[in-house]
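Contents: one structure, followed by commentary.
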Amino acid sequence: MALTLNKRKIAGVISLIAAITAIIGGIELLQPISLSIEILQKKIKLKEASGQVVIVGIDSPSIKEVGRWPWPRSKQAELLQRIDQQKPQAIYVDIGYQGKTEPREDDALRRTLAGMQSKTKIIALASDNDTTTPETVYSHQQVVGKAPAVSAYLPYLFSYIWEIPLNIETSRGRIQSLSASAANIKTDQVTTYKLDYSINPKTIPIVNAVDVLKQTAGAKKLAGKTVIVGVTDLSQNDVHSMPGWGEYPGVVFHALGTETLKRNIPISIGWGPLFIFSLLVGMTLLTTTGLRQSKFITIGGIAILLVASSWLTVIHIPNDPLPGITFLIASGIYVGLKKAALLRVQRTIETGFNNSASYTANEILSTGILIAAKFTIAENKARFEEPITHTKIIREVGHRLTSLVDEKQLTHNETGQFLWEIPSMKTEEFVNYVTALRNLFIKSIDVDNHKLEVDIYFGIDRDVMESVKQRSANAIAASTKAHKTGSTYIVSNPRDYLAEIREQFEQEFSRAIKNGQVLVMLNATKNLQTGQMNSAEANAHWNHPIQGNITASQIQIMAQNTNNVPMLYDYLTIEAIQHAAKLSSINSSFTISLKIPTMLLLEKEFITKLIDMLKAESCEPSALTIEIIDFREYLKNESVINKIKTLKNTGVKIGLGDFGTSSDDIHILQNIRFDEIFFSREFTNINRSIGQKILVDAALRIAKLYSIITTADDLEDSDILTELRHMGCNQARGKIIDIPLKIDDFIKSNITIIADKTY
């Protein structure tokens with residue numbers, strides 16, 4: 001079929017798309033997504049640190065050995081003397097000395113700094129205030145003497161440290177950053193540079209301060225190196241979020257910045273050059289060949305942009321491909337829609353159905369398909385052939401369809417078929433759509449005193465992508481009792497819809513478990529005081545071949561809607577217990593938590609099964625925490641309270657989930673002795689108001705009074721995490737802590753390295 005598209009109109013729309021995406025790029029509207037892409041690209045080719053920058057870390061073992069931080073300044077002076085004896089190239093002290101202490105202590109530090117053989121500089125603290133100039137606090141001269149200062153300013157962007165300044169302007173004039181000074185970068189520019197996060201921060205050498213004080217083997221690693229002295233104990237406040245790597249102490253950022261600059265200051269090309277390339281690709285869409293092959297040209301252009309952007313990122317040239325990619329996606333979809341619209345107008349009985357379906361599904365990458373609803377007209381299996389009667393039937397069918405389908409989309413042909421395109425929609429929405437369509441024809445059609453039953457045939461074209469065909473088939477099967485004939489689904493009206501989908505869920509979920517498509521994933525829970533992973537939450541994830549990843553909450557909703565909650569939790573409970581047994585054998589204090597709805601406690605055999613499972617797996621009951629959700633609805637249910645007591649008596653720990661979603665929660669703590677409470681994300685949003693912070697503080701105090709462990713759930717904000725740590729919250733879990741992992745990957749990432757983890 002020849003394409004006769006209006007190229008001038010298409011060119012005008014593509015020009016408008018180009019202008020809009022150029023504005024989006026100019027105001028950096030897509031910057032958060034661009035930065036996320038950049039971090040993924042950085043990890044394509046990771047590099048190790050050079051080893052020329054070494055951190056002397058005041059870590060947990062050092063503090064335990066010497067005493068609580070801050071140490072007496074005479075002890076800090078001794079540490080600096082020990083470092084100086086190793087003859088490093090330079091020493092940078094990432095410790096602020098804003099005030100005076102005892103004269104003897106201050107004098108000891110000042111004399112030591114004055115007598116250092118190595119070039120030594122002290123940091124000046126800087127933080128953002130209401131102006132564009134950072135507020136800088138210099139170390140007291142009577143403490144540090146004439147030791148030169150460098151800046152330790154680390155500006156945030158979207159809760160992460162992406163850039164570090166080369167120099168900053170302060171009330172005392174321009175001051176060089178620690179990393180720029182350590183890398184020997186001499187420039188007067190007051191600008192920032194991007195950290196190279198393809199350098200693995202875990203490869204930066206860290207020597208414990210206590211080893212330096214004792215002059216053990218580790219101290220010999222400092223000779224000829226640039227040494228940065230700072231606090232690496234994560235409980236001492238100086239903690240920042242590193243995109244792609246998690247939380248690290250500030251001193252690591254300065255070391256990483258120095259490593260970045262030693263590889264030359266990165267030159268950013270921004271979004272412009274890649275956007276110009278996308279415009280050139282967009283221009284090819286206006287040619288006859290370009291219009292025909294728009295799908296392949298668009299996808300190819302996007303692929304080239306991603307490859308070029310990734311290559312530039314790997315060689316440490318910051319760039320932003322997103323405005324260009326956005327332009328190509330929008331232009332490609334627009335041209336595809338115009339072609340599909342043209343085919344709708346031009347289609348015939350012979351070509352309309354097949355070609356239009358192909359364009360809709362393949363060209364604009366939609367999950368929409370064509371449905372042909374063919375109506376068999378019969379009364380007592382006899383056919384009506386009279387034209388006037390046939391016209392009345394068609395008119396009534398069309399009238400009913402227009403209550404669901406846009407009249408402009410509806411097409412009827414000579415073979416008795418109605419054709420229309422379904423817009424792209426999720427599978428569950430498609431189920432509702434098909435159900436509504438079926439319900440249109442439950443009632444018979446009355447024509448000339450004859451009642452006619454209408455059978456609906458859902459035709460799925462052979463040219464549609466297999467994934468689209470399968471999703472459509474599943475949706476039809478879920479909505480109606482269907483059997484397959486060729487590529488057509490003949491649909492009747494089921495009497496028991498709920499029974500149908502319940503049976504479907506049971507069969508599909510059981511088959512998915514057998515095929516290894518359902519996995520129990522572990523979400524790490526981090527101890528906020530030690531930084532270790534001592535517990536994790538077990539969740540089911542369903543890797544569905546058609547619908548993709550189905551999350552734990554979605555599986556639970558599906559189970560509830562089909563009355564399959566016991567079946568789901570029978571599987572989850574045994575998996576959680578097996579995981580708990582395995583992990584506690586590696587780390588005896590490790591626990592696994594499992595969320596369950598309170599109604600499950602009322603199941604006759606749940607507790608008995610749970611106890612039998614624990615015995616069968618030789619799992620200590622204390623290694624399992626049952627986290628009860630929606631408990632508020634059962635506050636006065638004596639049976640539930642007794643079940644909780646029975647579980648506690650077995651040694652299983654009991655947690656209260658979604659704490660803070662009800663005004664009764666504080667009251668619950670005072671009346672029922674839970675082992676752990678899990679704060680909801682909304683409750684821990686202490687940035688909302690002073691009142692919210694007071695509520696969280698009150699809950700933490702009550703929990704501490706009753707020796708209840710407190711866990712912040714679903715946490716995504718690093719600043720809130722830091723604040724909760726200061727307030728005394730015990731643990732946290734969520735995206736900011738870790739991603740869900742299979743048990744073997746979880747052990748590899750979080751368990752086997754606990755003893756060796758250095759902060």
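By convention in this document, the chains of the structure tokens carry letters A, B, ... by their order, each chain's residues are numbered from 1, and ligands are numbered from 1 in the order they are shown.
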So which residues touch Ala90 in chain A within 8 Å, counting only C-alpha atoms, skipping near sequence neighbours fewer than 4 positions away, as a PDB file with C-alpha atoms, in the first residue's frame?
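Wrote it out as out19.pdb, contents follow:
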```pdb
ATOM      1  CA  SER A 118      55.490  16.745  54.862  1.00  0.00           C
ATOM      2  CA  LYS A 119      53.311  19.395  53.231  1.00  0.00           C
ATOM      3  CA  THR A 120      50.269  19.494  55.509  1.00  0.00           C
ATOM      4  CA  ALA A 182      45.907  16.994  46.460  1.00  0.00           C
ATOM      5  CA  LYS A 225      51.676   8.765  49.044  1.00  0.00           C
ATOM      6  CA  THR A 226      49.113  11.528  49.393  1.00  0.00           C
ATOM      7  CA  VAL A 227      47.525  10.863  52.778  1.00  0.00           C
TER       8      VAL A 227
END
```
If you take only C-alpha atoms and a cut-off of 9 Å, which residues of range 13-59 of chain A touch range 303-318 of chain A, and what are their nearest atom pairs and distances in Å to one decimal, in chain and number order, as CSV?
```
residue,atom,partner,partner_atom,distance
A:Glu38,CA,A:Thr313,CA,7.0
A:Leu40,CA,A:Ser310,CA,8.9
A:Gln41,CA,A:Ser310,CA,5.3
A:Lys42,CA,A:Val314,CA,5.9
A:Lys43,CA,A:Val314,CA,8.4
A:Ile44,CA,A:Val314,CA,7.2
A:Lys45,CA,A:Val314,CA,6.5
A:Leu46,CA,A:Val314,CA,8.6
```
*asked:* I want to know what sits within 8 Å of Ala581 in chain A, based on only C-alpha atoms, with residues of the same chain fewer than 5 positions away left out; could you give that as JSON, numbers by chain?
replied: {"A": [617, 618, 619, 620, 623]}
Got time to write the residues from that selection, C-alpha atoms, as a short mmCIF file (atom, residue, chain, number, x, y, z; two decimals), in the first residue's frame?
```cif
data_model
loop_
_atom_site.label_atom_id
_atom_site.label_comp_id
_atom_site.auth_asym_id
_atom_site.auth_seq_id
_atom_site.Cartn_x
_atom_site.Cartn_y
_atom_site.Cartn_z
CA GLU A 617 14.54 -27.39 58.65
CA SER A 618 16.33 -27.43 62.06
CA CYS A 619 15.80 -23.66 62.20
CA GLU A 620 15.90 -21.79 65.50
CA ALA A 623 15.79 -16.64 63.43
#
```
Polymer residues at most 9 Å from range 599-603 of chain A, only C-alpha atoms, same-chain spacing of 4 or more positions, as a list in words: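 Everything that qualifies: Val565, Pro566, Tyr569, Ile607, Asp630, Phe631, Tyr634, Ser639, Val640, Lys643 and Ile644 of chain A.
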Since we have the selection now, will you write its residues out, keeping C-alpha atoms, as a compact mmCIF listing (two decimals), in the first residue's frame?
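Written out: part23.txt:
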```txt
# COMPACT_ATOMS: atom_id res chain seq x y z
CA VAL A 565 -3.80 -16.31 50.51
CA PRO A 566 -3.08 -19.60 52.41
CA TYR A 569 1.94 -18.09 52.33
CA ILE A 607 0.84 -22.01 63.44
CA ASP A 630 -3.30 -4.67 58.92
CA PHE A 631 -3.30 -5.59 62.64
CA TYR A 634 -8.11 -7.09 64.75
CA SER A 639 -8.34 -15.12 69.01
CA VAL A 640 -5.70 -13.08 67.13
CA LYS A 643 -2.35 -16.62 68.37
CA ILE A 644 0.32 -13.92 68.74
```
Excluding Asn184 in chain A and its own-chain neighbours fewer than 3 positions away, which residues fall within 9 Å of it when counting only C-alpha atoms? Please give them as a ChimeraX atom specification. /A:179-181,261-262
Those same residues, written as a PDB file, in the first residue's frame with N, CA and C atoms?
```pdb
ATOM      1  N   SER A 179      40.536  18.080  47.116  1.00  0.00           N
ATOM      2  CA  SER A 179      40.905  17.201  46.004  1.00  0.00           C
ATOM      3  C   SER A 179      41.738  17.937  44.961  1.00  0.00           C
ATOM      4  N   ALA A 180      41.392  19.216  44.671  1.00  0.00           N
ATOM      5  CA  ALA A 180      42.162  19.982  43.685  1.00  0.00           C
ATOM      6  C   ALA A 180      43.587  20.205  44.175  1.00  0.00           C
ATOM      7  N   SER A 181      43.729  20.486  45.481  1.00  0.00           N
ATOM      8  CA  SER A 181      45.061  20.689  46.041  1.00  0.00           C
ATOM      9  C   SER A 181      45.862  19.395  46.021  1.00  0.00           C
ATOM     10  N   LEU A 261      40.803  13.771  39.389  1.00  0.00           N
ATOM     11  CA  LEU A 261      41.578  14.880  38.842  1.00  0.00           C
ATOM     12  C   LEU A 261      42.961  14.433  38.362  1.00  0.00           C
ATOM     13  N   LYS A 262      43.519  13.420  39.016  1.00  0.00           N
ATOM     14  CA  LYS A 262      44.829  12.918  38.577  1.00  0.00           C
ATOM     15  C   LYS A 262      44.747  12.306  37.178  1.00  0.00           C
TER      16      LYS A 262
END
```
Open item on the list: Which of range 225-298 of chain A end up as strand (DSSP E) when DSSP is run on this backbone - answer as a list in words?
Closed with: Thr226, Val227, Ile228, Val229, Gly230, Val231, Val239, His240, Ser241, Met242, Gly246, Glu247, Tyr248 and Pro249 of chain A
### Task
Mind the document's chain letters and residue numbers, and return as a PyMOL selection string the residues of range 594-702 of chain A that DSSP labels helix (DSSP H, G or I).
chain A and resi 598-602+606-616+621-623+631-634+638-650+665-671+690-702
